[in-house]
Structure formats: C-alpha cells, structure tokens
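J.: Sharing a structure, written as structure tokens. Questions coming.
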Amino acid sequence: MANAKTPPELTRPLSPHLQIYRPMLTMVMSIFHRITGGALYVGTLMLAWWLLAIASGPNAYATFQMVAGSFIGRLVLLGYTWALLHHMLGGLRHLVWDTGRGFGPAEREWMARATLFGSITLTLLLWLFVYLVSGGLR
Amino acid sequence: MKHMRTPLGRVRGLGSAKTGTEDFWHQRLTAMANIPLVIAGVVIVISLVGRNHAAAAQILGSPLIAILMLLFIISVTYHMRIGMQVIIEDYVHEETSKIALIVLNTFYTIAVALVSAFAILKLSFGV
C-alpha cells in the first residue's frame, strides 16, 4: 500500500528487491517475459497498420512496405519476431508451471535455457526462410 | 464514526466475493488460444511477404485466412489488455494515474483490435 498515508513513525523497512540479488537465468527470463510482452504490446501497432494499409489500397500498402522494408523497419520486425517467439515459449513454461510441474531446480533451469535457445533459433530460421524462399522483404 | 461495527463484524457472514479471478483465468485462456493462433498468424504473414497489393488483399480476404486472423487479433489484444493492466498495477501506485492508465490501456487495446478487425472484414467483404 504505497499510496496509503502512513505516519512516519509507522513506516516499515522494505523487502529486499532486485538490486540485492545476484542475477540468475530464471530471474532474467522472468524480466524478459515482461519486457517482451510490453514490446509486443506496442509492436502490435505495426500489425494493425499492415492490415489497414492492405485494406486501404496500393498506395497505403506501398508506404507501409517502404517503412517496413527500411533498415530500421527490418530491425523492428526482427525484434518483434524474437519477442513474439520468446514470449510464446516463455508462456508455455508458465502454462507448465500452472499445472504444478516444473518447479525443480534442474527443470526450471533447462526450461529457461530451452526458451532462450528456442526463441533465438526459431527467429533465425524464420528469417533465413523468408530471405531464401521469398527473397526477403520488398 | 459512520458506523459502530468493527471491520471484522462488517464482513463476517458475507462470504468471499466469488469473483475476482477472471483476469487470471482469461490470461491463461487467451495464452492457450494464442499458441496455435500465433503460429497460424506467423505462417500467414510470412506467406504474404514480397507479394504485391492485389495478391496480399486477395489472400487476406479469403474466408479461412480472414477468420484465423480475426481470432488471432481478438485473442492477442485481449491478452495484451490483461498483461499491461498487471504491469500498470505493479508499478503505478498513485491511484489517479493508475486508473487513468488502466482506462487508456483498455482504449488502446480495443482500438488496435477494432482497426485490425475492420481491415480484415473490409478485405473479406470486398467493399
């Protein structure tokens, strides 16, 4: 209750927070899950714009393609792809935890590693596929 | 003093609220729906990369693709709204700002959903 008006003599010490702990993979992955979620929240605007541009006509679509195909556009899309896959694999981990499984030290460690490895590998494979098969973004 | 009863006395016998876990459950429900829908969405987007406007419009407007994209948009934006609300509630403690941000969060996610759904339906109905 940080917003409650507490008299000074009744303020309690705060519990230890992030800066006091040694960073661990599971902890970093938890932070990444929230950051990727936040990034996707904003990045979904790009998806809405893409759909709206196609619905609006060839000119609007050309504008979108110009922005998306630029260096920064590609960088944003690459980041969006990774954030999406990372958040999805991280979410799978959370769904496993929701069943009460996967809390052991070894399990949570390998699940964290698999999420990170999987999201990076899948992102690279998808982008390689796009560039090799359809000639990349135009 | 508005009342003469203790806080415990006022709540005793009222039972639990019986509600309050919808967001928790819906976050997981949409998470489960998102898995196949995100895979479908990624496949659809990739298959449209590099196509001209006419082809992209035709493919997105075909019934199966349009329905998958609509489900994707609805599930994802609903998931987004709950997720961002949790973030706001975690970090914004000042009551007025918190409520204002939660309202904006709802407006934003509904706007993203509606813009996307409108575009898909327009392509689908070919107007």
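By order of appearance in the structure tokens: chains A, B, ..., then residues from 1 within every chain, and ligands from 1 in the order shown.
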Identify all chain B residues at most 8 Å from chain A by counting only C-alpha atoms; ligands do not count. Present them as JSON, numbers by chain.
T.: {"B": [28, 31, 35, 46, 49, 50, 53, 54, 56, 57, 80, 83, 84, 93, 94, 95, 112, 113, 115, 116, 119, 120, 122, 123]}
J.: Among the residues of chain A, find those DSSP assigns to alpha helix (DSSP H) from the backbone and print them as a PyMOL selection string.
T.: chain A and resi 25-56+58-69+71-98+105-133
J.: Which neighbours of range 88-92 of chain B fall inside 8 Å, counting only C-alpha atoms, when residues of the same chain fewer than 6 positions from it are skipped, and could you give them as an MDAnalysis selection string?
T.: chainID B and resid 98 101:102
J.: Considering only C-alpha atoms, can you say which of B:Thr77, B:Asn52, B:Ser97, B:Ser62 comes closest to Ala117 in chain B?
T.: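 Closest residue, counting only C-alpha atoms: B:Thr77.
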J.: So which one's closest to Thr30 in chain B, B:Thr96, B:Ser124, B:Phe107, B:Ile73? Using only C-alpha atoms, please.
T.: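 Among B:Thr96, B:Ser124, B:Phe107, B:Ile73, it is B:Ile73 that comes nearest to Thr30 in chain B.
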J.: Using Å and a single decimal, report how far CA of Ile65 in chain B sits from CA of Ile44 in chain B.
T.: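 Result for CA of Ile44 in chain B versus CA of Ile65 in chain B: 7.5 Å, one decimal.
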J.: To one decimal in Å, tell me the separation between CA of Gln85 in chain B and CA of Trp25 in chain B.
T.: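 Spanning CA of Gln85 in chain B to CA of Trp25 in chain B is a straight-line distance of 14.3 Å.
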J.: Which neighbours of Leu68 in chain B fall inside 8 Å, counting only C-alpha atoms, when residues of the same chain fewer than 2 positions from it are skipped, and could you give them as an mmCIF file with N, CA and C atoms, in the first residue's frame?
T.:
```cif
data_model
loop_
_atom_site.group_PDB
_atom_site.id
_atom_site.type_symbol
_atom_site.label_atom_id
_atom_site.label_comp_id
_atom_site.auth_asym_id
_atom_site.auth_seq_id
_atom_site.Cartn_x
_atom_site.Cartn_y
_atom_site.Cartn_z
ATOM 1 N N LEU B 37 -2.832 -19.806 -32.677
ATOM 2 C CA LEU B 37 -3.175 -18.637 -33.495
ATOM 3 C C LEU B 37 -1.938 -17.837 -33.897
ATOM 4 N N ALA B 40 -0.296 -19.777 -36.668
ATOM 5 C CA ALA B 40 -1.042 -19.536 -37.904
ATOM 6 C C ALA B 40 -0.771 -18.131 -38.432
ATOM 7 N N GLY B 41 -0.768 -17.146 -37.535
ATOM 8 C CA GLY B 41 -0.538 -15.753 -37.933
ATOM 9 C C GLY B 41 0.834 -15.559 -38.560
ATOM 10 N N LEU B 64 -10.999 -18.511 -44.788
ATOM 11 C CA LEU B 64 -10.231 -19.207 -43.753
ATOM 12 C C LEU B 64 -9.158 -18.305 -43.153
ATOM 13 N N ILE B 65 -8.414 -17.619 -44.034
ATOM 14 C CA ILE B 65 -7.342 -16.733 -43.569
ATOM 15 C C ILE B 65 -7.929 -15.594 -42.739
ATOM 16 N N ALA B 66 -9.033 -15.005 -43.235
ATOM 17 C CA ALA B 66 -9.648 -13.879 -42.519
ATOM 18 C C ALA B 66 -10.132 -14.315 -41.139
ATOM 19 N N LEU B 70 -8.801 -12.911 -37.619
ATOM 20 C CA LEU B 70 -9.723 -12.284 -36.659
ATOM 21 C C LEU B 70 -9.586 -12.924 -35.279
ATOM 22 N N LEU B 71 -9.545 -14.255 -35.232
ATOM 23 C CA LEU B 71 -9.359 -14.943 -33.950
ATOM 24 C C LEU B 71 -8.042 -14.523 -33.306
ATOM 25 N N PHE B 72 -7.001 -14.457 -34.135
ATOM 26 C CA PHE B 72 -5.677 -14.040 -33.667
ATOM 27 C C PHE B 72 -5.747 -12.650 -33.026
#
```
J.: Neighbours of Leu77 in chain A within 9 Å (only C-alpha atoms; same-chain residues fewer than 3 positions away dropped), as a ChimeraX atom specification?
T.: /A:43,46,68,72-74,80-82
J.: Quick one: of A:Ile120, A:Ala106, A:Ile31, A:Thr99, who's nearest to Leu78 in chain A, counting only C-alpha atoms?
T.: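 Nearest candidate to Leu78 in chain A out of A:Ile120, A:Ala106, A:Ile31, A:Thr99: A:Ile120.
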J.: Return as CSV the residues of range 52-100 of chain A lying at most 8 Å from range 108-115 of chain A, together with the closest atom-to-atom pair for each and the distance in Å to one decimal, counting only C-alpha atoms, with rows in chain order and ascending residue number.
T.:
```
residue,atom,partner,partner_atom,distance
A:His86,CA,A:Thr115,CA,6.6
A:Leu89,CA,A:Thr115,CA,5.5
A:Gly90,CA,A:Thr115,CA,6.1
A:Arg93,CA,A:Met111,CA,6.9
```
J.: To one decimal in Å, tell me the separation between CA of Leu29 in chain B and CA of Val76 in chain A.
T.: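 We find that CA of Leu29 in chain B and CA of Val76 in chain A lie 28.3 Å from each other.
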